[in-house]
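Report on the structure given below.
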Amino acid sequence: MSSRSEENLRIVYILYMVGAFFGAIMFVGVILAYIERGKITDRWLESHVEKQIRIFWIWLIVLVVLVVGTIAVVFPSVFALSSGDFPVGVVAGLGVLFAISLLIPLGLFLYVLITSIQSLKCLDRGESIESF
């Protein structure tokens with residue numbers, strides 16, 4: 001028989017899987033994880049809460065760095081384009097940067113989705129998360 005805490009942690013993992021597609025839902029999941037963190041006494045469930053919180057913070061930090069990095073590159077590039085002072089080498093560099101900026105969100109999406117699925121399987125088996 002599963003406890004109420006297990007069910008709440010299961011809901012958080014499901015929210016994270018949906019949040020991989022629709023990011024704002026991740027905030028609901030982490031709020032529930034923090035609420036549950038104060039209630040849990042079992043060590044194996046604590047490992048799941050810590051994993052959930054870690055997934056969220058990795059997701060948020062990578063997302064913020066990506067947005068700030070994109071803004072830092074796009075605004076000067078647009079300004080340079082509008083002034084007509086834009087060397088050809090910079091265009092090639094921006095192409096590479098554009099390709100990388102597509103791979104990072106894809107990797108972040110896969111990280112959240114795969115980690116949540118694997119952790120949910122551990123929760124269903126009644127196992128703790130050994131390595132965060």
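Ordering of the structure tokens sets the chain letters (A, B, ...), residue numbers begin anew at 1 in every chain, and ligands are numbered from 1 in the order given.
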(request) Do a neighbour search on A:Tyr13 at 9 Å with only C-alpha atoms, toss out local chain neighbours closer than 6 positions, and write the hits as a ChimeraX atom specification. (result) /A:29,52,116-117,119-120
Those residues you just picked out, can you put them in a file as a short mmCIF file (atom, residue, chain, number, x, y, z; two decimals), in the first residue's frame with N, CA and C atoms?
data_model
loop_
_atom_site.label_atom_id
_atom_site.label_comp_id
_atom_site.auth_asym_id
_atom_site.auth_seq_id
_atom_site.Cartn_x
_atom_site.Cartn_y
_atom_site.Cartn_z
N GLY A 29 5.18 21.73 -9.82
CA GLY A 29 5.82 20.52 -9.30
C GLY A 29 6.81 20.79 -8.19
N GLN A 52 13.81 15.50 -7.08
CA GLN A 52 12.84 16.36 -7.75
C GLN A 52 13.24 17.82 -7.67
N SER A 116 12.89 12.08 -15.02
CA SER A 116 11.60 11.91 -14.31
C SER A 116 11.04 10.51 -14.50
N ILE A 117 11.15 9.99 -15.70
CA ILE A 117 10.63 8.63 -15.96
C ILE A 117 11.43 7.60 -15.17
N SER A 119 13.21 8.05 -12.45
CA SER A 119 12.99 8.23 -11.02
C SER A 119 11.61 7.73 -10.62
N LEU A 120 10.62 7.94 -11.48
CA LEU A 120 9.28 7.44 -11.20
C LEU A 120 9.27 5.91 -11.14
#
(request) List the neighbours of A:Arg4 out to 12 Å using only C-alpha atoms; skip same-chain residues closer than 5 positions along the sequence, and give me the result as a VMD selection string. (result) chain A and resid 9 to 11 36 39 to 40 45
Output file for the selection above: all heavy atoms, as a compact mmCIF listing (two decimals), in the first residue's frame:
# COMPACT_ATOMS: atom_id res chain seq x y z
N LEU A 9 4.56 12.44 -4.45
CA LEU A 9 5.81 12.43 -5.21
C LEU A 9 5.58 11.92 -6.62
O LEU A 9 6.20 12.40 -7.58
CB LEU A 9 6.86 11.59 -4.50
CG LEU A 9 7.31 12.10 -3.13
CD1 LEU A 9 8.33 11.16 -2.52
CD2 LEU A 9 7.88 13.51 -3.24
N ARG A 10 4.69 10.97 -6.76
CA ARG A 10 4.33 10.47 -8.09
C ARG A 10 3.71 11.60 -8.93
O ARG A 10 4.02 11.77 -10.10
CB ARG A 10 3.36 9.29 -7.95
CG ARG A 10 3.05 8.59 -9.23
CD ARG A 10 2.30 7.28 -9.01
NE ARG A 10 3.23 6.27 -8.46
CZ ARG A 10 3.19 5.79 -7.22
NH1 ARG A 10 2.28 6.20 -6.38
NH2 ARG A 10 4.06 4.89 -6.81
N ILE A 11 2.86 12.39 -8.29
CA ILE A 11 2.24 13.53 -8.99
C ILE A 11 3.30 14.53 -9.42
O ILE A 11 3.24 15.07 -10.53
CB ILE A 11 1.18 14.19 -8.08
CG1 ILE A 11 -0.03 13.27 -7.93
CG2 ILE A 11 0.77 15.55 -8.62
CD1 ILE A 11 -1.01 13.69 -6.86
N GLU A 36 6.11 18.82 0.28
CA GLU A 36 6.25 17.42 0.70
C GLU A 36 7.56 17.19 1.47
O GLU A 36 7.62 16.34 2.34
CB GLU A 36 6.18 16.51 -0.53
CG GLU A 36 5.80 15.11 -0.24
CD GLU A 36 4.45 14.97 0.45
OE1 GLU A 36 3.50 15.68 0.09
OE2 GLU A 36 4.36 14.13 1.36
N LYS A 39 7.27 17.14 5.18
CA LYS A 39 6.41 16.11 5.76
C LYS A 39 7.04 14.72 5.81
O LYS A 39 6.63 13.88 6.58
CB LYS A 39 5.11 16.00 4.96
CG LYS A 39 4.28 17.25 4.92
CD LYS A 39 3.08 17.03 4.03
CE LYS A 39 2.25 18.27 3.89
NZ LYS A 39 1.12 18.05 2.96
N ILE A 40 8.02 14.47 4.97
CA ILE A 40 8.54 13.12 4.78
C ILE A 40 9.53 12.75 5.88
O ILE A 40 10.41 13.53 6.24
CB ILE A 40 9.20 12.99 3.40
CG1 ILE A 40 8.11 13.07 2.34
CG2 ILE A 40 10.00 11.72 3.27
CD1 ILE A 40 8.61 12.97 0.94
N LEU A 45 12.10 8.09 0.59
CA LEU A 45 11.25 9.12 -0.01
C LEU A 45 11.96 10.47 -0.02
O LEU A 45 11.77 11.27 -0.94
CB LEU A 45 9.92 9.22 0.73
CG LEU A 45 8.96 8.04 0.56
CD1 LEU A 45 7.73 8.21 1.43
CD2 LEU A 45 8.58 7.86 -0.90
(request) Quote the spacing between atom CA of A:Leu113 and atom CA of A:Ile71 in Å to one decimal place. (result)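 Taking atom CA of A:Leu113 and atom CA of A:Ile71, their separation equals 26.2 Å.
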(message) Need the shell around A:Val30: protein/DNA/RNA residues with any atom at most 9 Å away, counting only C-alpha atoms. Skip same-chain ones fewer than 3 positions apart. Format as a list in words?
(response) Val12, Tyr16, Ile25, Met26, Phe27, Ala33, Tyr34, Ile35, Gln52, Ile53, Phe56 and Trp57 of chain A
(message) One number please: atom CA of A:Arg37 to atom CA of A:Asn8, in Å, one decimal.
(response) 10.6 Å
(request) Using only C-alpha atoms, find the one residue out of A:Ser3, A:Met17, A:Leu66, A:Gly38 that sits nearest to A:Gln118. (result) A:Met17
(request) Would you mind writing down, as a count of residues only, each residue of chain A that DSSP on the backbone assigns to alpha helix (DSSP H)? (result) 108
(request) For A:Glu130, please output as a PyMOL selection string all residues within 12 Å (counting only C-alpha atoms; exclusion window: fewer than 5 positions along the same chain). (result) chain A and resi 43-48+50-51+119+122-123
Dump of all heavy atoms for the selected residues, as a CSV table (one decimal), in the first residue's frame:
chain,number,residue,atom,x,y,z
A,43,ARG,N,13.7,7.8,4.7
A,43,ARG,CA,14.9,8.2,3.9
A,43,ARG,C,14.7,8.0,2.4
A,43,ARG,O,15.2,8.8,1.6
A,43,ARG,CB,16.1,7.5,4.5
A,43,ARG,CG,17.4,7.7,3.8
A,43,ARG,CD,17.8,9.2,3.9
A,43,ARG,NE,18.8,9.5,2.9
A,43,ARG,CZ,18.8,10.5,2.0
A,43,ARG,NH1,17.8,11.3,2.0
A,43,ARG,NH2,19.8,10.7,1.2
A,44,TRP,N,14.1,6.9,2.0
A,44,TRP,CA,14.0,6.6,0.6
A,44,TRP,C,13.1,7.6,-0.1
A,44,TRP,O,13.3,7.9,-1.3
A,44,TRP,CB,13.6,5.1,0.4
A,44,TRP,CG,12.1,4.8,0.6
A,44,TRP,CD1,11.5,4.6,1.8
A,44,TRP,CD2,11.1,4.7,-0.4
A,44,TRP,NE1,10.2,4.3,1.6
A,44,TRP,CE2,9.9,4.4,0.3
A,44,TRP,CE3,11.1,4.9,-1.8
A,44,TRP,CZ2,8.7,4.3,-0.4
A,44,TRP,CZ3,9.9,4.7,-2.4
A,44,TRP,CH2,8.7,4.4,-1.7
A,45,LEU,N,12.1,8.1,0.6
A,45,LEU,CA,11.2,9.1,0.0
A,45,LEU,C,12.0,10.5,0.0
A,45,LEU,O,11.8,11.3,-0.9
A,45,LEU,CB,9.9,9.2,0.7
A,45,LEU,CG,9.0,8.0,0.6
A,45,LEU,CD1,7.7,8.2,1.4
A,45,LEU,CD2,8.6,7.9,-0.9
A,46,GLU,N,12.8,10.7,1.0
A,46,GLU,CA,13.6,12.0,1.0
A,46,GLU,C,14.5,12.0,-0.2
A,46,GLU,O,14.7,13.1,-0.8
A,46,GLU,CB,14.4,12.0,2.3
A,46,GLU,CG,13.7,12.4,3.5
A,46,GLU,CD,14.6,12.4,4.7
A,46,GLU,OE1,15.8,12.3,4.6
A,46,GLU,OE2,14.1,12.6,5.8
A,47,SER,N,15.0,10.9,-0.6
A,47,SER,CA,15.9,10.9,-1.8
A,47,SER,C,15.2,11.3,-3.0
A,47,SER,O,15.7,12.0,-3.9
A,47,SER,CB,16.6,9.5,-2.0
A,47,SER,OG,15.7,8.6,-2.4
A,48,HIS,N,13.9,10.9,-3.1
A,48,HIS,CA,13.1,11.3,-4.3
A,48,HIS,C,12.8,12.8,-4.3
A,48,HIS,O,12.8,13.5,-5.3
A,48,HIS,CB,11.8,10.5,-4.3
A,48,HIS,CG,12.0,9.1,-4.8
A,48,HIS,ND1,12.1,8.8,-6.2
A,48,HIS,CD2,12.2,7.9,-4.2
A,48,HIS,CE1,12.3,7.5,-6.3
A,48,HIS,NE2,12.4,7.0,-5.1
A,50,GLU,N,14.5,15.2,-2.9
A,50,GLU,CA,15.8,15.9,-3.2
A,50,GLU,C,16.1,15.8,-4.7
A,50,GLU,O,16.5,16.8,-5.3
A,50,GLU,CB,17.0,15.3,-2.4
A,50,GLU,CG,16.8,15.5,-0.9
A,50,GLU,CD,16.7,17.0,-0.5
A,50,GLU,OE1,17.4,17.9,-1.1
A,50,GLU,OE2,15.9,17.3,0.4
A,51,LYS,N,15.8,14.7,-5.3
A,51,LYS,CA,16.0,14.5,-6.7
A,51,LYS,C,15.1,15.4,-7.5
A,51,LYS,O,15.4,16.1,-8.5
A,51,LYS,CB,15.8,13.0,-7.1
A,51,LYS,CG,15.9,12.8,-8.6
A,51,LYS,CD,17.4,12.9,-9.1
A,51,LYS,CE,17.5,12.4,-10.5
A,51,LYS,NZ,18.9,12.3,-10.9
A,119,SER,N,13.2,8.0,-12.5
A,119,SER,CA,13.0,8.2,-11.0
A,119,SER,C,11.6,7.7,-10.6
A,119,SER,O,11.4,7.2,-9.5
A,119,SER,CB,13.2,9.7,-10.6
A,119,SER,OG,14.5,10.1,-10.9
A,122,CYS,N,11.8,4.1,-10.2
A,122,CYS,CA,12.4,3.7,-8.8
A,122,CYS,C,11.3,3.9,-7.7
A,122,CYS,O,11.3,3.1,-6.8
A,122,CYS,CB,13.6,4.6,-8.6
A,122,CYS,SG,15.0,4.2,-9.5
A,123,LEU,N,10.6,5.0,-7.8
A,123,LEU,CA,9.5,5.2,-6.8
A,123,LEU,C,8.5,4.1,-6.8
A,123,LEU,O,8.1,3.6,-5.8
A,123,LEU,CB,8.8,6.6,-7.0
A,123,LEU,CG,7.8,7.0,-6.1
A,123,LEU,CD1,8.4,7.3,-4.7
A,123,LEU,CD2,7.0,8.2,-6.6
